[in-house]
$ cat my_file00.tsv   # TSV, C-alpha atoms
chain	number	residue	atom	x	y	z
A	1	MET	CA	9.86	-5.73	-2.91
A	2	ALA	CA	7.45	-2.93	-2.33
A	3	ASP	CA	6.75	0.52	-1.16
A	4	ILE	CA	4.95	3.46	-2.63
A	5	LEU	CA	8.04	4.54	-4.64
A	6	SER	CA	9.12	1.16	-5.97
A	7	GLU	CA	5.96	-0.76	-6.82
A	8	THR	CA	5.32	-0.85	-10.56
A	9	VAL	CA	2.25	-0.92	-12.74
A	10	LEU	CA	1.47	-4.08	-14.66
A	11	PRO	CA	1.95	-3.59	-18.41
A	12	GLU	CA	-1.61	-4.75	-19.14
A	13	ASP	CA	-3.03	-2.17	-16.75
A	14	LEU	CA	-0.97	0.59	-18.32
A	15	LYS	CA	-2.19	-0.49	-21.76
A	16	LYS	CA	-5.80	-0.59	-20.62
A	17	PHE	CA	-5.81	3.00	-19.35
A	18	GLU	CA	-3.67	4.19	-22.25
A	19	LYS	CA	-6.27	2.87	-24.66
A	20	ILE	CA	-9.13	4.70	-22.91
A	21	TYR	CA	-7.14	7.93	-22.88
A	22	HIS	CA	-6.18	7.67	-26.53
A	23	GLU	CA	-9.72	6.93	-27.62
A	24	GLN	CA	-10.88	10.08	-25.88
A	25	LEU	CA	-7.96	12.04	-27.26
A	26	TYR	CA	-8.91	10.93	-30.76
A	27	LYS	CA	-12.41	12.33	-30.23
A	28	ASN	CA	-10.89	15.46	-28.75
A	29	ASP	CA	-12.81	14.90	-25.54
A	30	VAL	CA	-10.48	13.79	-22.76
A	31	THR	CA	-12.10	13.63	-19.32
A	32	PRO	CA	-9.99	14.50	-16.25
A	33	LYS	CA	-10.78	10.98	-14.96
A	34	ALA	CA	-9.27	9.20	-17.98
A	35	GLN	CA	-6.26	11.50	-18.01
A	36	PHE	CA	-5.66	11.00	-14.29
A	37	GLU	CA	-6.01	7.21	-14.45
A	38	TYR	CA	-3.56	7.03	-17.34
A	39	ALA	CA	-1.13	9.42	-15.60
A	40	TRP	CA	-1.40	7.46	-12.34
A	41	CYS	CA	-0.33	4.31	-14.20
A	42	LEU	CA	2.44	6.13	-16.10
A	43	VAL	CA	4.14	7.46	-12.97
A	44	ARG	CA	4.27	3.88	-11.67
A	45	SER	CA	6.03	2.60	-14.78
A	46	LYS	CA	9.56	1.26	-14.62
A	47	TYR	CA	10.51	3.38	-17.61
A	48	PRO	CA	11.56	6.99	-16.89
A	49	ALA	CA	10.08	8.17	-20.21
A	50	ASP	CA	6.65	6.95	-19.09
A	51	ILE	CA	7.01	8.64	-15.70
A	52	GLN	CA	8.00	11.88	-17.46
A	53	LYS	CA	4.90	11.65	-19.62
A	54	GLY	CA	2.75	11.01	-16.55
A	55	ILE	CA	4.16	14.12	-14.91
A	56	ILE	CA	3.31	16.26	-17.93
A	57	LEU	CA	-0.28	14.96	-17.90
A	58	LEU	CA	-0.56	15.61	-14.14
A	59	GLU	CA	0.85	19.14	-14.47
A	60	GLU	CA	-1.73	19.86	-17.14
A	61	LEU	CA	-4.53	18.52	-14.91
A	62	TYR	CA	-3.25	20.51	-11.97
A	63	LYS	CA	-3.61	23.73	-13.96
A	64	THR	CA	-7.00	22.96	-15.50
A	65	HIS	CA	-8.97	20.85	-13.00
A	66	GLU	CA	-9.13	22.38	-9.56
A	67	GLU	CA	-11.26	19.68	-8.00
A	68	GLY	CA	-8.58	17.00	-8.04
A	69	GLN	CA	-5.59	19.17	-7.19
A	70	ARG	CA	-4.57	17.30	-4.04
A	71	ASP	CA	-4.52	14.02	-5.99
A	72	TYR	CA	-2.40	15.55	-8.75
A	73	LEU	CA	0.03	17.10	-6.30
A	74	TYR	CA	0.47	13.79	-4.50
A	75	TYR	CA	1.24	11.85	-7.67
A	76	LEU	CA	3.46	14.65	-8.99
A	77	ALA	CA	5.54	14.17	-5.85
A	78	ILE	CA	5.67	10.41	-6.38
A	79	GLY	CA	6.56	10.73	-10.07
A	80	SER	CA	9.35	13.22	-9.37
A	81	ALA	CA	10.77	11.08	-6.56
A	82	ARG	CA	10.79	8.06	-8.83
A	83	LEU	CA	12.81	10.07	-11.34
A	84	LYS	CA	15.17	10.92	-8.47
A	85	GLU	CA	14.24	14.59	-8.80
A	86	TYR	CA	14.09	14.88	-5.06
A	87	SER	CA	14.05	18.63	-4.58
A	88	LYS	CA	11.12	18.87	-6.98
A	89	ALA	CA	9.36	16.02	-5.16
A	90	MET	CA	9.91	17.71	-1.81
A	91	ASN	CA	8.51	20.96	-3.18
A	92	TYR	CA	5.29	19.20	-4.17
A	93	VAL	CA	5.12	17.59	-0.72
A	94	ARG	CA	5.65	20.96	0.95
A	95	SER	CA	2.97	22.71	-1.07
A	96	PHE	CA	0.58	19.88	-0.19
A	97	LEU	CA	1.40	20.22	3.48
A	98	THR	CA	0.80	23.96	3.49
A	99	ILE	CA	-2.80	23.18	2.52
A	100	GLU	CA	-3.20	20.05	4.72
A	101	PRO	CA	-0.48	20.21	7.38
A	102	GLY	CA	-1.34	17.03	9.29
A	103	ASN	CA	-1.97	14.71	6.36
A	104	GLN	CA	-0.47	11.37	7.46
A	105	GLN	CA	-0.33	9.92	3.98
A	106	VAL	CA	1.75	12.82	2.70
A	107	LEU	CA	3.90	12.97	5.84
A	108	SER	CA	4.56	9.28	5.32
A	109	LEU	CA	5.49	9.90	1.67
A	110	GLN	CA	7.87	12.63	2.84
A	111	GLN	CA	9.55	10.10	5.15
A	112	THR	CA	9.83	7.54	2.36
A	113	ILE	CA	11.44	10.10	0.04
A	114	LYS	CA	13.87	11.17	2.77
A	115	LYS	CA	14.82	7.55	3.44
A	116	LYS	CA	15.42	6.96	-0.23
A	117	MET	CA	17.63	10.03	-0.42
A	118	GLU	CA	19.61	8.87	2.62
A	119	LYS	CA	20.00	5.40	1.16
A	120	GLU	CA	21.38	6.82	-2.06
A	121	GLY	CA	23.61	9.14	-0.02
A	122	LEU	CA	25.01	6.10	1.76
A	123	VAL	CA	25.81	4.47	-1.55
A	124	GLY	CA	27.95	7.52	-2.33
A	125	MET	CA	29.73	7.22	1.00
A	126	ALA	CA	30.36	3.51	0.48
A	127	MET	CA	32.04	4.36	-2.81
A	128	ALA	CA	34.19	6.94	-1.07
A	129	GLY	CA	35.09	4.25	1.49
A	130	GLY	CA	36.17	1.98	-1.36
A	131	VAL	CA	38.51	4.68	-2.65
A	132	VAL	CA	40.10	4.98	0.82
A	133	LEU	CA	40.66	1.21	0.88
A	134	ALA	CA	42.23	1.27	-2.58
A	135	VAL	CA	44.59	4.08	-1.59
A	136	GLY	CA	45.47	2.11	1.54
A	137	ALA	CA	46.26	-0.95	-0.55
A	138	ILE	CA	48.56	1.07	-2.85
A	139	VAL	CA	50.39	2.53	0.12
A	140	GLY	CA	50.69	-0.98	1.58
A	141	VAL	CA	52.14	-2.40	-1.63
A	142	GLY	CA	54.52	0.55	-1.86
A	143	MET	CA	55.75	-0.08	1.67
A	144	ALA	CA	56.22	-3.78	0.97
A	145	ILE	CA	58.35	-2.94	-2.07
A	146	ALA	CA	60.34	-0.42	-0.03
A	147	ASN	CA	60.94	-3.06	2.63
A	148	LYS	CA	62.12	-5.60	0.05
A	149	ALA	CA	64.52	-3.10	-1.44
A	150	LYS	CA	66.28	-2.67	1.89
B	1	MET	CA	18.02	-6.76	12.96
B	2	SER	CA	21.30	-8.64	13.28
B	3	ALA	CA	19.98	-11.89	11.84
B	4	GLY	CA	21.26	-11.49	8.30
B	5	PRO	CA	19.61	-9.80	5.34
B	6	TYR	CA	16.03	-10.39	6.53
B	7	ASN	CA	14.60	-10.40	9.99
B	8	TYR	CA	11.48	-12.20	8.84
B	9	SER	CA	10.81	-15.45	6.99
B	10	TYR	CA	7.71	-14.55	5.01
B	11	ILE	CA	6.09	-11.55	3.37
B	12	PHE	CA	2.29	-11.49	3.16
B	13	LYS	CA	0.53	-8.99	0.96
B	14	TYR	CA	-2.72	-7.52	2.30
B	15	ILE	CA	-5.24	-5.14	0.83
B	16	ILE	CA	-7.82	-3.08	2.73
B	17	ILE	CA	-11.00	-2.28	0.85
B	18	GLY	CA	-14.45	-0.85	1.44
B	19	ASP	CA	-16.54	2.31	0.99
B	20	MET	CA	-15.10	5.72	1.72
B	21	GLY	CA	-15.16	6.91	5.30
B	22	VAL	CA	-15.47	3.46	6.90
B	23	GLY	CA	-12.07	3.88	8.57
B	24	LYS	CA	-9.70	1.78	6.46
B	25	SER	CA	-6.72	4.11	6.93
B	26	CYS	CA	-7.50	4.50	10.62
B	27	LEU	CA	-7.45	0.72	11.06
B	28	LEU	CA	-4.09	0.56	9.28
B	29	HIS	CA	-2.74	3.41	11.38
B	30	GLN	CA	-3.97	1.82	14.60
B	31	PHE	CA	-2.31	-1.45	13.58
B	32	THR	CA	1.06	-0.01	12.48
B	33	GLU	CA	1.39	2.92	14.88
B	34	LYS	CA	-0.96	1.91	17.71
B	35	LYS	CA	-2.53	5.34	17.52
B	36	PHE	CA	-5.89	6.69	16.47
B	37	MET	CA	-5.94	9.32	13.74
B	38	ALA	CA	-8.79	11.57	14.84
B	39	ASP	CA	-8.98	13.75	11.78
B	40	CYS	CA	-8.42	11.51	8.83
B	41	PRO	CA	-8.65	13.04	5.34
B	42	HIS	CA	-9.64	10.95	2.33
B	43	THR	CA	-6.85	8.70	1.10
B	44	ILE	CA	-5.41	9.52	-2.29
B	45	GLY	CA	-5.08	6.45	-4.49
B	46	VAL	CA	-3.38	3.93	-2.22
B	47	GLU	CA	-1.42	4.11	0.96
B	48	PHE	CA	1.15	1.62	2.18
B	49	GLY	CA	2.11	0.34	5.59
B	50	THR	CA	4.14	-2.53	7.02
B	51	ARG	CA	4.57	-4.35	10.27
B	52	ILE	CA	6.40	-7.47	11.30
B	53	ILE	CA	4.35	-9.93	13.32
B	54	GLU	CA	4.92	-13.43	14.61
B	55	VAL	CA	2.85	-16.52	13.90
B	56	SER	CA	3.86	-19.92	15.27
B	57	GLY	CA	7.38	-18.69	15.95
B	58	GLN	CA	7.80	-17.39	12.39
B	59	LYS	CA	8.39	-13.71	11.75
B	60	ILE	CA	6.15	-12.44	9.01
B	61	LYS	CA	6.27	-9.08	7.35
B	62	LEU	CA	2.88	-7.72	6.40
B	63	GLN	CA	2.85	-5.39	3.41
B	64	ILE	CA	-0.47	-3.64	3.52
B	65	TRP	CA	-2.01	-1.69	0.65
B	66	ASP	CA	-4.76	0.56	1.90
B	67	THR	CA	-6.95	1.61	-1.01
B	68	ALA	CA	-8.90	4.86	-1.33
B	69	GLY	CA	-12.63	4.36	-0.95
B	70	GLN	CA	-13.71	7.17	-3.22
B	71	GLU	CA	-15.28	5.95	-6.43
B	72	ARG	CA	-12.97	7.94	-8.70
B	73	PHE	CA	-10.00	5.85	-7.60
B	74	ARG	CA	-11.67	2.51	-7.94
B	75	ALA	CA	-10.67	1.63	-11.49
B	76	VAL	CA	-6.95	1.87	-10.77
B	77	THR	CA	-7.00	0.58	-7.17
B	78	ARG	CA	-8.37	-2.69	-8.55
B	79	SER	CA	-4.91	-3.48	-9.88
B	80	TYR	CA	-3.63	-3.67	-6.29
B	81	TYR	CA	-5.91	-6.63	-5.53
B	82	ARG	CA	-3.81	-8.93	-7.65
B	83	GLY	CA	-1.58	-11.16	-5.61
B	84	ALA	CA	-3.09	-10.33	-2.23
B	85	ALA	CA	-2.84	-13.12	0.31
B	86	GLY	CA	-5.25	-11.33	2.65
B	87	ALA	CA	-8.11	-8.91	2.03
B	88	LEU	CA	-9.62	-6.89	4.86
B	89	MET	CA	-13.08	-5.79	3.77
B	90	VAL	CA	-14.38	-2.98	5.93
B	91	TYR	CA	-17.82	-1.46	6.53
B	92	ASP	CA	-19.07	1.04	9.10
B	93	ILE	CA	-21.60	-0.38	11.60
B	94	THR	CA	-23.24	3.06	11.86
B	95	ARG	CA	-23.85	3.45	8.12
B	96	ARG	CA	-26.03	0.82	6.52
B	97	SER	CA	-25.11	1.82	2.95
B	98	THR	CA	-21.50	0.78	3.55
B	99	TYR	CA	-22.76	-2.66	4.57
B	100	ASN	CA	-25.11	-2.89	1.59
B	101	HIS	CA	-22.18	-2.38	-0.78
B	102	LEU	CA	-20.25	-5.34	0.61
B	103	SER	CA	-21.46	-7.76	-2.05
B	104	SER	CA	-19.97	-5.56	-4.75
B	105	TRP	CA	-16.65	-5.35	-2.88
B	106	LEU	CA	-16.74	-9.10	-2.41
B	107	THR	CA	-17.40	-9.74	-6.10
B	108	ASP	CA	-14.41	-7.56	-7.02
B	109	THR	CA	-12.22	-9.35	-4.50
B	110	ARG	CA	-13.24	-12.81	-5.66
B	111	ASN	CA	-12.71	-11.87	-9.31
B	112	LEU	CA	-9.33	-10.25	-8.84
B	113	THR	CA	-7.64	-12.40	-6.22
B	114	ASN	CA	-7.08	-16.15	-6.07
B	115	PRO	CA	-9.11	-18.84	-4.33
B	116	SER	CA	-6.68	-19.11	-1.42
B	117	THR	CA	-6.93	-15.38	-0.56
B	118	VAL	CA	-8.20	-14.98	2.99
B	119	ILE	CA	-11.04	-12.46	3.18
B	120	PHE	CA	-11.71	-10.92	6.58
B	121	LEU	CA	-14.81	-8.81	7.15
B	122	ILE	CA	-14.46	-5.96	9.65
B	123	GLY	CA	-17.39	-3.99	11.04
B	124	ASN	CA	-15.58	-0.84	12.14
B	125	LYS	CA	-16.62	1.88	14.63
B	126	CYS	CA	-18.07	-0.60	17.15
B	127	ASP	CA	-17.37	2.03	19.84
B	128	LEU	CA	-20.38	3.96	18.48
B	129	GLU	CA	-22.98	1.54	19.81
B	130	GLY	CA	-25.65	4.25	20.10
B	131	GLN	CA	-25.51	4.93	16.36
B	132	ARG	CA	-25.50	1.29	15.29
B	133	ASP	CA	-27.25	0.68	11.98
B	134	VAL	CA	-26.21	-2.93	11.29
B	135	THR	CA	-26.60	-5.66	13.91
B	136	TYR	CA	-23.80	-8.04	14.76
B	137	GLU	CA	-26.03	-11.01	13.97
B	138	GLU	CA	-26.87	-9.85	10.48
B	139	ALA	CA	-23.25	-9.23	9.49
B	140	SER	CA	-22.17	-12.43	11.15
B	141	LYS	CA	-24.69	-14.35	9.06
B	142	PHE	CA	-23.49	-12.62	5.88
B	143	ALA	CA	-19.91	-13.57	6.74
B	144	GLU	CA	-20.85	-17.16	7.40
B	145	GLU	CA	-22.82	-17.49	4.17
B	146	ASN	CA	-19.88	-16.20	2.20
B	147	GLY	CA	-17.16	-18.04	4.05
B	148	LEU	CA	-15.54	-14.93	5.49
B	149	MET	CA	-13.89	-14.40	8.84
B	150	PHE	CA	-15.56	-11.61	10.79
B	151	VAL	CA	-15.13	-9.27	13.76
B	152	GLU	CA	-16.49	-5.95	14.84
B	153	ALA	CA	-13.63	-3.62	15.66
B	154	SER	CA	-12.84	-0.05	16.58
B	155	ALA	CA	-9.91	1.82	15.10
B	156	LYS	CA	-10.57	4.42	17.77
B	157	THR	CA	-10.24	2.23	20.87
B	158	GLY	CA	-8.10	-0.40	19.16
B	159	ASP	CA	-10.62	-3.15	19.97
B	160	ASN	CA	-10.11	-6.24	17.79
B	161	VAL	CA	-7.79	-4.42	15.38
B	162	GLU	CA	-4.76	-6.58	16.18
B	163	GLU	CA	-6.98	-9.65	16.09
B	164	ALA	CA	-8.23	-8.97	12.56
B	165	PHE	CA	-4.74	-8.52	11.10
B	166	LEU	CA	-3.24	-11.41	13.08
B	167	GLU	CA	-6.06	-13.91	12.52
B	168	THR	CA	-5.79	-13.26	8.78
B	169	ALA	CA	-2.05	-14.01	8.94
B	170	LYS	CA	-2.67	-17.20	10.95
B	171	LYS	CA	-5.15	-18.42	8.38
B	172	ILE	CA	-2.73	-17.71	5.53
B	173	TYR	CA	0.09	-19.43	7.40
B	174	GLN	CA	-2.18	-22.41	7.97
B	175	SER	CA	-2.87	-22.60	4.23
B	176	ILE	CA	0.86	-22.69	3.58
B	177	GLN	CA	1.34	-25.45	6.15
B	178	ASP	CA	-1.53	-27.47	4.69
B	179	GLY	CA	-0.13	-27.04	1.19
B	180	ARG	CA	-3.27	-25.28	0.00
B	181	LEU	CA	-1.29	-22.18	-0.87
B	182	ASP	CA	1.37	-22.64	-3.51
B	183	LEU	CA	4.35	-20.47	-2.61
B	184	ASN	CA	5.69	-20.73	-6.13
B	185	ALA	CA	2.57	-19.31	-7.73
B	186	ALA	CA	3.26	-15.77	-8.89
B	187	GLU	CA	0.07	-14.41	-7.40
B	188	SER	CA	-0.08	-16.19	-4.07
B	189	GLY	CA	0.69	-12.95	-2.25
B	190	VAL	CA	3.28	-14.73	-0.14
B	191	GLN	CA	7.03	-14.60	-0.46
B	192	HIS	CA	9.29	-16.95	1.42
B	193	LYS	CA	12.72	-15.74	2.49
B	194	PRO	CA	14.76	-18.94	2.60
B	195	SER	CA	17.96	-17.14	3.58
B	196	GLN	CA	16.52	-16.93	7.06
B	197	PRO	CA	16.80	-20.26	8.89
B	198	GLY	CA	13.28	-20.07	10.30
B	199	GLY	CA	12.16	-18.31	13.44
B	200	ARG	CA	14.12	-18.58	16.65
B	201	PRO	CA	12.33	-21.14	18.80
B	202	GLY	CA	13.13	-19.33	22.02
B	203	SER	CA	11.50	-16.06	21.07
B	204	ALA	CA	8.17	-15.20	22.65
B	205	ALA	CA	5.06	-15.15	20.52
B	206	GLY	CA	3.43	-11.84	19.80
B	207	GLY	CA	6.66	-9.88	19.53
B	208	ASP	CA	6.59	-7.32	16.82
B	209	GLN	CA	8.27	-4.37	15.30
B	210	SER	CA	6.04	-1.81	13.77
B	211	GLY	CA	6.70	0.93	11.35
B	212	ARG	CA	5.20	2.57	8.38
B	213	ASP	CA	7.18	2.39	5.18
B	214	ASN	CA	9.81	0.49	7.04
B	215	CYS	CA	10.89	-1.47	4.05
B	216	ALA	CA	13.94	-3.66	4.11
B	217	CYS	CA	13.42	-5.46	0.83
$ encode --input "my_file00.tsv" --output "structure tokens"
Amino acid sequence: MADILSETVLPEDLKKFEKIYHEQLYKNDVTPKAQFEYAWCLVRSKYPADIQKGIILLEELYKTHEEGQRDYLYYLAIGSARLKEYSKAMNYVRSFLTIEPGNQQVLSLQQTIKKKMEKEGLVGMAMAGGVVLAVGAIVGVGMAIANKAK
Amino acid sequence: MSAGPYNYSYIFKYIIIGDMGVGKSCLLHQFTEKKFMADCPHTIGVEFGTRIIEVSGQKIKLQIWDTAGQERFRAVTRSYYRGAAGALMVYDITRRSTYNHLSSWLTDTRNLTNPSTVIFLIGNKCDLEGQRDVTYEEASKFAEENGLMFVEASAKTGDNVEEAFLETAKKIYQSIQDGRLDLNAAESGVQHKPSQPGGRPGSAAGGDQSGRDNCAC
């Protein structure tokens, strides 16, 4: 069970980087490094609320710390995709690719997101197929009753 | 693909580690896509790739986590070491500093993985013989002293790239066969897929399907 969008952070790792971040926050001196490490763990959490929080921290970094912008953009895309906010995720991927068009890692992420979207699209179609079957069964039962009545 | 839910019997987790710019992502790309990435930007965080290989008639899916070499990612990438069955530790034969840092990479690996983890040392860029900065003999001695497997390889020409990934898998498979690797341990880095009734005996060795992010689990 693994790919870049489904692997999850270990709770002890999340706690470790959360502690560092909070200590710095308490002293009112948060370094971009501590904020990024904490955010990177948050967007890999299995809880959507954590991912959301990670995205907010990454957005803040993106606006204030130019040096790491490609890193923030990449993990913003991952966080959004994990929240199933696919159009947002694809926007982040696209803005990354306008700066670095041939970046394999990001092209590969784009593929993974597309596959995930397709997979979830198929689930929808399978449900529609189930409805068709159910309607068919009702019609079949109806016909059987009609035949009996003859 | 028609053989039920899984077309492989085992999953092995690998990590690729080493200084920045030694060619970790290029080795992964050469292995999964059989292509050389000429202009490779720095990896962000971690990258992921998979390929299905065959060892002793068993199909094995390799799940490979390629870690960023830049120092600022190191604290978090360490958490990917856990549960790795194989670790490919890479240096660049044309840059001595990348070789000098191996002991620190090795310490991390030993501390964060388990005793049965297979560590394979790769001296990359062996196509650049004219710029060589570390001799084969020296690295070979280092590998021997530390109980590591070792080759010099080139992600550019593809030399020894397959070998490094496949030999690591063979060694892991051997550990399973010998009972040295406990499949039930949470951090063995190996998952068995019992729903698959083993490999097909008739199939030729060396067959593979490659693909990046081709995840069926």
$ residues_around --input "my_file00.tsv" --residues "Asp39 of chain B" --least-positions-apart "3" --cutoff "10 Å" --atoms "all atoms listed in the file" --output "list in words"
Gly102, Asn103 and Gln104 of chain A; Cys26, Phe36 and His42 of chain B
$ closest_atom_pairs --input "my_file00.tsv" --of "chain B" --to "chain A" --cutoff "10 Å" --atoms "all atoms listed in the file" --output "JSON lines"
{"residue": "B:Ile11", "atom": "CA", "partner": "A:Met1", "partner_atom": "CA", "distance": 9.4}
{"residue": "B:Lys13", "atom": "CA", "partner": "A:Ala2", "partner_atom": "CA", "distance": 9.8}
{"residue": "B:Ser25", "atom": "CA", "partner": "A:Gln105", "partner_atom": "CA", "distance": 9.1}
{"residue": "B:His29", "atom": "CA", "partner": "A:Gln104", "partner_atom": "CA", "distance": 9.2}
{"residue": "B:Met37", "atom": "CA", "partner": "A:Gln104", "partner_atom": "CA", "distance": 8.6}
{"residue": "B:Asp39", "atom": "CA", "partner": "A:Gly102", "partner_atom": "CA", "distance": 8.7}
{"residue": "B:Cys40", "atom": "CA", "partner": "A:Asn103", "partner_atom": "CA", "distance": 7.6}
{"residue": "B:Pro41", "atom": "CA", "partner": "A:Asn103", "partner_atom": "CA", "distance": 7.0}
{"residue": "B:His42", "atom": "CA", "partner": "A:Asn103", "partner_atom": "CA", "distance": 9.4}
{"residue": "B:Thr43", "atom": "CA", "partner": "A:Gln105", "partner_atom": "CA", "distance": 7.2}
{"residue": "B:Ile44", "atom": "CA", "partner": "A:Asp71", "partner_atom": "CA", "distance": 5.9}
{"residue": "B:Gly45", "atom": "CA", "partner": "A:Asp71", "partner_atom": "CA", "distance": 7.7}
{"residue": "B:Val46", "atom": "CA", "partner": "A:Ile4", "partner_atom": "CA", "distance": 8.4}
{"residue": "B:Glu47", "atom": "CA", "partner": "A:Gln105", "partner_atom": "CA", "distance": 6.6}
{"residue": "B:Phe48", "atom": "CA", "partner": "A:Ile4", "partner_atom": "CA", "distance": 6.4}
{"residue": "B:Gly49", "atom": "CA", "partner": "A:Asp3", "partner_atom": "CA", "distance": 8.2}
{"residue": "B:Thr50", "atom": "CA", "partner": "A:Asp3", "partner_atom": "CA", "distance": 9.1}
{"residue": "B:Gln63", "atom": "CA", "partner": "A:Ala2", "partner_atom": "CA", "distance": 7.8}
{"residue": "B:Ile64", "atom": "CA", "partner": "A:Asp3", "partner_atom": "CA", "distance": 9.6}
{"residue": "B:Trp65", "atom": "CA", "partner": "A:Asp3", "partner_atom": "CA", "distance": 9.2}
{"residue": "B:Arg72", "atom": "CA", "partner": "A:Lys33", "partner_atom": "CA", "distance": 7.3}
{"residue": "B:Phe73", "atom": "CA", "partner": "A:Glu37", "partner_atom": "CA", "distance": 8.0}
{"residue": "B:Arg74", "atom": "CA", "partner": "A:Glu37", "partner_atom": "CA", "distance": 9.8}
{"residue": "B:Ala75", "atom": "CA", "partner": "A:Glu37", "partner_atom": "CA", "distance": 7.8}
{"residue": "B:Val76", "atom": "CA", "partner": "A:Glu37", "partner_atom": "CA", "distance": 6.6}
{"residue": "B:Thr77", "atom": "CA", "partner": "A:Glu37", "partner_atom": "CA", "distance": 9.9}
{"residue": "B:Arg78", "atom": "CA", "partner": "A:Asp13", "partner_atom": "CA", "distance": 9.8}
{"residue": "B:Ser79", "atom": "CA", "partner": "A:Asp13", "partner_atom": "CA", "distance": 7.2}
{"residue": "B:Tyr80", "atom": "CA", "partner": "A:Val9", "partner_atom": "CA", "distance": 9.2}
{"residue": "B:Gln191", "atom": "CA", "partner": "A:Met1", "partner_atom": "CA", "distance": 9.6}
{"residue": "B:Arg212", "atom": "CA", "partner": "A:Ser108", "partner_atom": "CA", "distance": 7.4}
{"residue": "B:Asp213", "atom": "CA", "partner": "A:Thr112", "partner_atom": "CA", "distance": 6.4}
{"residue": "B:Asn214", "atom": "CA", "partner": "A:Thr112", "partner_atom": "CA", "distance": 8.5}
{"residue": "B:Cys215", "atom": "CA", "partner": "A:Asp3", "partner_atom": "CA", "distance": 6.9}
{"residue": "B:Ala216", "atom": "CA", "partner": "A:Met1", "partner_atom": "CA", "distance": 8.4}
{"residue": "B:Cys217", "atom": "CA", "partner": "A:Met1", "partner_atom": "CA", "distance": 5.2}
$ atom_distance --input "my_file00.tsv" --atom1 "atom CA of Ala89 of chain A" --atom2 "atom CA of Thr67 of chain B"
22.2 Å
$ atom_distance --input "my_file00.tsv" --atom1 "atom CA of Asn114 of chain B" --atom2 "atom CA of Glu163 of chain B"
23.1 Å
$ atom_distance --input "my_file00.tsv" --atom1 "atom CA of Met149 of chain B" --atom2 "atom CA of Glu33 of chain B"
23.9 Å
$ closest_residue --input "my_file00.tsv" --among "B:Ser116, B:Ser103, B:Ser9, B:Gln30" --to "Ala153 of chain B" --atoms "all atoms listed in the file"
B:Gln30
$ residues_around --input "my_file00.tsv" --residues "Ile20 of chain A" --least-positions-apart "3" --cutoff "9 Å" --atoms "all atoms listed in the file" --output "ChimeraX atom specification"
/A:15-17,23-25,34-35,38
$ build_atoms --input "my_file00.tsv" --residues "segment 117-126 of chain B" --atoms "N, CA, C and O atoms" --output "PDB file, keeping the file's coordinate frame"
ATOM      1  N   THR B 117      -6.956 -16.668  -1.271  1.00  0.00           N
ATOM      2  CA  THR B 117      -6.930 -15.380  -0.560  1.00  0.00           C
ATOM      3  C   THR B 117      -7.899 -15.399   0.623  1.00  0.00           C
ATOM      4  O   THR B 117      -9.057 -15.774   0.474  1.00  0.00           O
ATOM      5  N   VAL B 118      -7.371 -15.011   1.790  1.00  0.00           N
ATOM      6  CA  VAL B 118      -8.200 -14.980   2.990  1.00  0.00           C
ATOM      7  C   VAL B 118      -8.935 -13.643   3.054  1.00  0.00           C
ATOM      8  O   VAL B 118      -8.317 -12.586   3.013  1.00  0.00           O
ATOM      9  N   ILE B 119     -10.257 -13.701   3.120  1.00  0.00           N
ATOM     10  CA  ILE B 119     -11.040 -12.460   3.180  1.00  0.00           C
ATOM     11  C   ILE B 119     -11.608 -12.309   4.601  1.00  0.00           C
ATOM     12  O   ILE B 119     -12.271 -13.211   5.110  1.00  0.00           O
ATOM     13  N   PHE B 120     -11.294 -11.187   5.206  1.00  0.00           N
ATOM     14  CA  PHE B 120     -11.710 -10.920   6.580  1.00  0.00           C
ATOM     15  C   PHE B 120     -12.631  -9.713   6.597  1.00  0.00           C
ATOM     16  O   PHE B 120     -12.256  -8.631   6.165  1.00  0.00           O
ATOM     17  N   LEU B 121     -13.841  -9.901   7.097  1.00  0.00           N
ATOM     18  CA  LEU B 121     -14.810  -8.810   7.150  1.00  0.00           C
ATOM     19  C   LEU B 121     -14.695  -8.073   8.489  1.00  0.00           C
ATOM     20  O   LEU B 121     -14.691  -8.707   9.551  1.00  0.00           O
ATOM     21  N   ILE B 122     -14.571  -6.756   8.420  1.00  0.00           N
ATOM     22  CA  ILE B 122     -14.460  -5.960   9.650  1.00  0.00           C
ATOM     23  C   ILE B 122     -15.599  -4.942   9.711  1.00  0.00           C
ATOM     24  O   ILE B 122     -15.750  -4.108   8.812  1.00  0.00           O
ATOM     25  N   GLY B 123     -16.380  -5.019  10.765  1.00  0.00           N
ATOM     26  CA  GLY B 123     -17.390  -3.990  11.040  1.00  0.00           C
ATOM     27  C   GLY B 123     -16.747  -2.953  11.944  1.00  0.00           C
ATOM     28  O   GLY B 123     -16.607  -3.170  13.136  1.00  0.00           O
ATOM     29  N   ASN B 124     -16.347  -1.834  11.360  1.00  0.00           N
ATOM     30  CA  ASN B 124     -15.580  -0.840  12.140  1.00  0.00           C
ATOM     31  C   ASN B 124     -16.516   0.122  12.880  1.00  0.00           C
ATOM     32  O   ASN B 124     -17.703   0.195  12.596  1.00  0.00           O
ATOM     33  N   LYS B 125     -15.943   0.849  13.804  1.00  0.00           N
ATOM     34  CA  LYS B 125     -16.620   1.880  14.630  1.00  0.00           C
ATOM     35  C   LYS B 125     -17.557   1.252  15.663  1.00  0.00           C
ATOM     36  O   LYS B 125     -18.608   1.817  15.975  1.00  0.00           O
ATOM     37  N   CYS B 126     -17.196   0.069  16.197  1.00  0.00           N
ATOM     38  CA  CYS B 126     -18.070  -0.600  17.150  1.00  0.00           C
ATOM     39  C   CYS B 126     -18.103   0.141  18.491  1.00  0.00           C
ATOM     40  O   CYS B 126     -18.864  -0.217  19.386  1.00  0.00           O
TER      41      CYS B 126
END
